[in-house]
Structures are given as C-alpha cells and as structure tokens.
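**Q** Below is the structure I would like to discuss, written out as structure tokens.
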Amino acid sequence: MNLKVKPKLSILLVDDDQGILGLLKESCLDLSFEVYLAGNGQEALDFLLKNKVDCIVTDIAMPIMNGISLIKLLREKGDSTPFFFITGYQDYPREELTLLKPSAIIFKPFDFEEAAILIKNHLMRL
C-alpha cells in the first residue's frame, strides 16, 4: 500500500512584536505548519528572495519596511504567494489594502488559534 504523505504547509509570520510572533507561531505549529519568522518587512523580503512559503502573514505597521511595502515589492517581482494582513489600526485606506488582494485582514486583538485555523482553512481550499 503506497500512502502519499502530504508535505507540511509553510508559513512566514512577519511582525515586530515578539509576543504576537510567539503566540501565533505556537498556534500555527499546533496545526502542523512549518513556521518561519521575520521581525519586519526587510527581513521577510530577504528570506523570501531565497525561500518559498505557502503563505505570508504580515503585520502592516513595522519599522524598516512595513507589510504593505513588502507585499507590493513581492508582487512587482511576480510573487503571488497568498497573504494575510494583521493590524491593530483601523485607519488604513481599505481601498489600498483591497487592491493588494489579501486573503483576509485580521484586526488585533485576535484569537491566535482562530487566526491559525482561518489561515489553514483558506490554504486547504487553494
């Protein structure tokens, strides 16, 4: 009997808040994601230029490079990796965010386990 083992889904979590990164990482590991971390958009971009992931979850407001700039740069390079924005701010121009076509925008505070399930469910539909 030849059973195919499904590879783990890989995810890059990008946030300058180490607490949020840690909690979201644990929730994603609980769902069997392969998890990578970056503390800002530039770290994420450097990682993604050398590695491929199934999904990106990025905060919007970060030092050095924010999440919007990260996604814009990736799209300019032809990268179509699905992504989710997370943010604690309600005042971003929704039009600008929507044009980038995120899978969802997750507003802080959020339940980390529910967010991880939302992400996994979305990826399983792709």
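A note on labels: chains of the structure tokens are A, B, ... as shown, every chain counts residues from 1, and ligands are counted from 1 in their shown order.
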Could you please write out, as number ranges by chain, every residue of range 40-95 of chain A that DSSP assigns to alpha helix (DSSP H)?
**A** A: 41-48, 67-76, 94-95
**Q** Can you tell me which residues surround range 98-102 of chain A at a distance of at most 10 Å, considering only C-alpha atoms, apart from same-chain residues fewer than 2 positions away, and format the answer as a list of chain:residue names?
**A**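 In the requested format, the answer is A:Ile56, A:Val57, A:Ile68, A:Ile71, A:Lys72, A:Arg75, A:Thr81, A:Pro82, A:Phe83, A:Phe84, A:Phe85, A:Pro93, A:Arg94, A:Glu95, A:Glu96, A:Ala104, A:Ile105.
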**Q** Find the residues near Tyr36 in chain A: any atom within 7 Å, counting only C-alpha atoms, skip ones fewer than 5 places away on the same chain, and give them as a PDB file with N, CA and C atoms, in the first residue's frame.
**A**
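Printed below is out_39.pdb as written:
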ATOM      1  N   ILE A  11       4.662  28.601   6.397  1.00  0.00           N
ATOM      2  CA  ILE A  11       4.120  29.942   6.619  1.00  0.00           C
ATOM      3  C   ILE A  11       5.219  30.842   7.150  1.00  0.00           C
ATOM      4  N   LEU A  12       5.243  32.075   6.648  1.00  0.00           N
ATOM      5  CA  LEU A  12       6.162  33.094   7.158  1.00  0.00           C
ATOM      6  C   LEU A  12       5.337  34.103   7.940  1.00  0.00           C
ATOM      7  N   LEU A  13       5.656  34.252   9.223  1.00  0.00           N
ATOM      8  CA  LEU A  13       4.983  35.222  10.089  1.00  0.00           C
ATOM      9  C   LEU A  13       5.890  36.433  10.223  1.00  0.00           C
TER      10      LEU A  13
END
**Q** Range 10-53 of chain A near range 115-122 of chain A within 9 Å: what's each residue's closest atom pair and its distance in Å to one decimal, counting only C-alpha atoms, ordered by chain then ascending residue number, as CSV?
**A**
residue,atom,partner,partner_atom,distance
A:Leu24,CA,A:Ala116,CA,7.2
A:Lys25,CA,A:Ala116,CA,8.8
A:Ser27,CA,A:Ala116,CA,6.0
A:Cys28,CA,A:Ala116,CA,5.5
A:Asp30,CA,A:Ala116,CA,8.9
A:Leu31,CA,A:Ala116,CA,7.5
A:Phe33,CA,A:Lys120,CA,8.4
**Q** Create the file for the chosen residues now, containing C-alpha atoms and written as a short mmCIF file (atom, residue, chain, number, x, y, z; two decimals), in the first residue's frame.
**A**
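See out.cif below for the written result:
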data_model
loop_
_atom_site.label_atom_id
_atom_site.label_comp_id
_atom_site.auth_asym_id
_atom_site.auth_seq_id
_atom_site.Cartn_x
_atom_site.Cartn_y
_atom_site.Cartn_z
CA LEU A 24 0.86 32.97 16.52
CA LYS A 25 3.81 30.65 15.92
CA SER A 27 -0.94 28.24 17.18
CA CYS A 28 0.43 27.52 13.70
CA ASP A 30 -0.28 23.18 16.70
CA LEU A 31 -1.88 22.91 13.24
CA PHE A 33 2.53 24.34 9.83
#
**Q** Please indicate the distance in Å from CA of Glu113 in chain A to CA of Leu29 in chain A, rounded to one decimal place.
**A** 10.3 Å
**Q** Given only C-alpha atoms as the basis, pick out the residue of A:Pro109, A:Glu34, A:Ser103, A:Leu9 nearest to Asp54 in chain A.
**A** A:Leu9
**Q** Write out as a list in words the set of residues from chain A that DSSP, computed on the backbone, places in strand (DSSP E or B).
**A**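 These are the residues in question: Ser10, Ile11, Leu12, Leu13, Val14, Glu34, Val35, Tyr36, Leu37, Ala38, Cys55, Ile56, Val57, Thr58, Asp59, Phe83, Phe84, Phe85, Ile86, Thr87, Ala104, Ile105, Ile106 and Phe107 of chain A.
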**Q** Would you save the residues of that selection, restricted to C-alpha atoms, as a compact mmCIF listing (two decimals), in the first residue's frame?
**A**
# COMPACT_ATOMS: atom_id res chain seq x y z
CA SER A 10 4.88 26.50 5.28
CA ILE A 11 4.12 29.94 6.62
CA LEU A 12 6.16 33.09 7.16
CA LEU A 13 4.98 35.22 10.09
CA VAL A 14 6.13 38.85 9.97
CA GLU A 34 6.23 24.68 9.11
CA VAL A 35 6.79 28.16 10.59
CA TYR A 36 9.37 30.84 9.74
CA LEU A 37 9.64 34.22 11.46
CA ALA A 38 10.72 37.74 10.47
CA CYS A 55 1.56 31.70 2.93
CA ILE A 56 2.70 35.02 4.41
CA VAL A 57 1.06 36.60 7.45
CA THR A 58 2.35 40.13 7.90
CA ASP A 59 1.69 43.00 10.24
CA PHE A 83 -1.01 36.55 2.30
CA PHE A 84 -2.91 37.88 5.27
CA PHE A 85 -2.51 41.31 6.83
CA ILE A 86 -2.69 41.68 10.59
CA THR A 87 -3.04 45.11 12.13
CA ALA A 104 -8.05 38.46 4.77
CA ILE A 105 -7.25 41.35 7.09
CA ILE A 106 -7.09 40.21 10.70
CA PHE A 107 -7.57 43.02 13.22
**Q** Quick one: residues within 10 Å of Gly41 in chain A, only C-alpha atoms counted, chain neighbours fewer than 2 positions away excluded, as an mmCIF file with N, CA and C atoms, in the first residue's frame?
**A**
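Generated output (selection.cif):
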data_model
loop_
_atom_site.group_PDB
_atom_site.id
_atom_site.type_symbol
_atom_site.label_atom_id
_atom_site.label_comp_id
_atom_site.auth_asym_id
_atom_site.auth_seq_id
_atom_site.Cartn_x
_atom_site.Cartn_y
_atom_site.Cartn_z
ATOM 1 N N VAL A 14 5.340 37.622 9.961
ATOM 2 C CA VAL A 14 6.129 38.851 9.970
ATOM 3 C C VAL A 14 5.484 39.860 10.910
ATOM 4 N N ASP A 15 6.191 40.194 11.996
ATOM 5 C CA ASP A 15 5.669 41.173 12.951
ATOM 6 C C ASP A 15 6.828 41.645 13.818
ATOM 7 N N ASP A 16 6.827 42.907 14.190
ATOM 8 C CA ASP A 16 7.883 43.434 15.058
ATOM 9 C C ASP A 16 7.573 43.194 16.540
ATOM 10 N N ALA A 38 9.962 36.536 10.839
ATOM 11 C CA ALA A 38 10.716 37.736 10.471
ATOM 12 C C ALA A 38 10.189 38.888 11.317
ATOM 13 N N GLY A 39 11.088 39.789 11.725
ATOM 14 C CA GLY A 39 10.722 40.892 12.599
ATOM 15 C C GLY A 39 10.292 42.161 11.886
ATOM 16 N N GLU A 43 13.422 41.943 6.638
ATOM 17 C CA GLU A 43 13.845 40.571 6.994
ATOM 18 C C GLU A 43 13.029 39.555 6.199
ATOM 19 N N ALA A 44 11.751 39.808 6.075
ATOM 20 C CA ALA A 44 10.871 38.895 5.325
ATOM 21 C C ALA A 44 11.279 38.855 3.854
ATOM 22 N N LEU A 45 11.532 40.023 3.267
ATOM 23 C CA LEU A 45 11.926 40.091 1.861
ATOM 24 C C LEU A 45 13.232 39.334 1.641
ATOM 25 N N ASP A 46 14.210 39.554 2.517
ATOM 26 C CA ASP A 46 15.490 38.846 2.403
ATOM 27 C C ASP A 46 15.275 37.334 2.453
ATOM 28 N N PHE A 47 14.413 36.878 3.357
ATOM 29 C CA PHE A 47 14.107 35.453 3.479
ATOM 30 C C PHE A 47 13.432 34.939 2.207
ATOM 31 N N THR A 58 1.521 38.982 7.571
ATOM 32 C CA THR A 58 2.348 40.134 7.903
ATOM 33 C C THR A 58 1.566 41.246 8.594
ATOM 34 N N ASP A 59 2.203 41.787 9.621
ATOM 35 C CA ASP A 59 1.686 42.995 10.243
ATOM 36 C C ASP A 59 1.810 44.111 9.210
ATOM 37 N N ILE A 60 1.041 45.146 9.358
ATOM 38 C CA ILE A 60 1.159 46.274 8.437
ATOM 39 C C ILE A 60 2.187 47.275 8.959
ATOM 40 N N ALA A 61 2.030 47.732 10.200
ATOM 41 C CA ALA A 61 2.902 48.775 10.748
ATOM 42 C C ALA A 61 4.126 48.153 11.424
ATOM 43 N N MET A 62 5.292 48.317 10.780
ATOM 44 C CA MET A 62 6.557 47.812 11.330
ATOM 45 C C MET A 62 7.665 48.777 10.949
ATOM 46 N N PRO A 63 8.734 48.792 11.738
ATOM 47 C CA PRO A 63 9.874 49.630 11.371
ATOM 48 C C PRO A 63 10.632 49.029 10.178
ATOM 49 N N ILE A 64 11.465 49.801 9.576
ATOM 50 C CA ILE A 64 12.336 49.443 8.454
ATOM 51 C C ILE A 64 11.550 49.244 7.168
ATOM 52 N N MET A 65 10.651 48.266 7.123
ATOM 53 C CA MET A 65 9.756 48.094 5.973
ATOM 54 C C MET A 65 8.420 47.560 6.475
ATOM 55 N N ASN A 66 7.337 48.249 6.120
ATOM 56 C CA ASN A 66 6.020 47.806 6.583
ATOM 57 C C ASN A 66 5.468 46.691 5.687
ATOM 58 N N GLY A 67 4.366 46.117 6.119
ATOM 59 C CA GLY A 67 3.774 44.996 5.401
ATOM 60 C C GLY A 67 3.244 45.355 4.025
ATOM 61 N N ILE A 68 2.713 46.561 3.866
ATOM 62 C CA ILE A 68 2.206 46.992 2.559
ATOM 63 C C ILE A 68 3.359 47.062 1.557
ATOM 64 N N SER A 69 4.469 47.674 1.958
ATOM 65 C CA SER A 69 5.638 47.767 1.067
ATOM 66 C C SER A 69 6.183 46.390 0.726
ATOM 67 N N LEU A 70 6.199 45.492 1.712
ATOM 68 C CA LEU A 70 6.667 44.131 1.478
ATOM 69 C C LEU A 70 5.841 43.455 0.388
ATOM 70 N N ILE A 71 4.531 43.494 0.530
ATOM 71 C CA ILE A 71 3.666 42.821 -0.444
ATOM 72 C C ILE A 71 3.777 43.480 -1.819
ATOM 73 N N LEU A 73 6.360 44.986 -3.118
ATOM 74 C CA LEU A 73 7.635 44.552 -3.713
ATOM 75 C C LEU A 73 7.556 43.116 -4.205
#
**Q** Hey, can you check how far CA of Leu48 in chain A sits from CA of Lys8 in chain A?
**A**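 CA of Lys8 in chain A lies 17.6 Å from CA of Leu48 in chain A.
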**Q** I'd like the interatomic distance between CA of Glu114 in chain A and CA of Gly88 in chain A, to a tenth of an Å.
**A**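 Distance between the two atoms: 16.6 Å.
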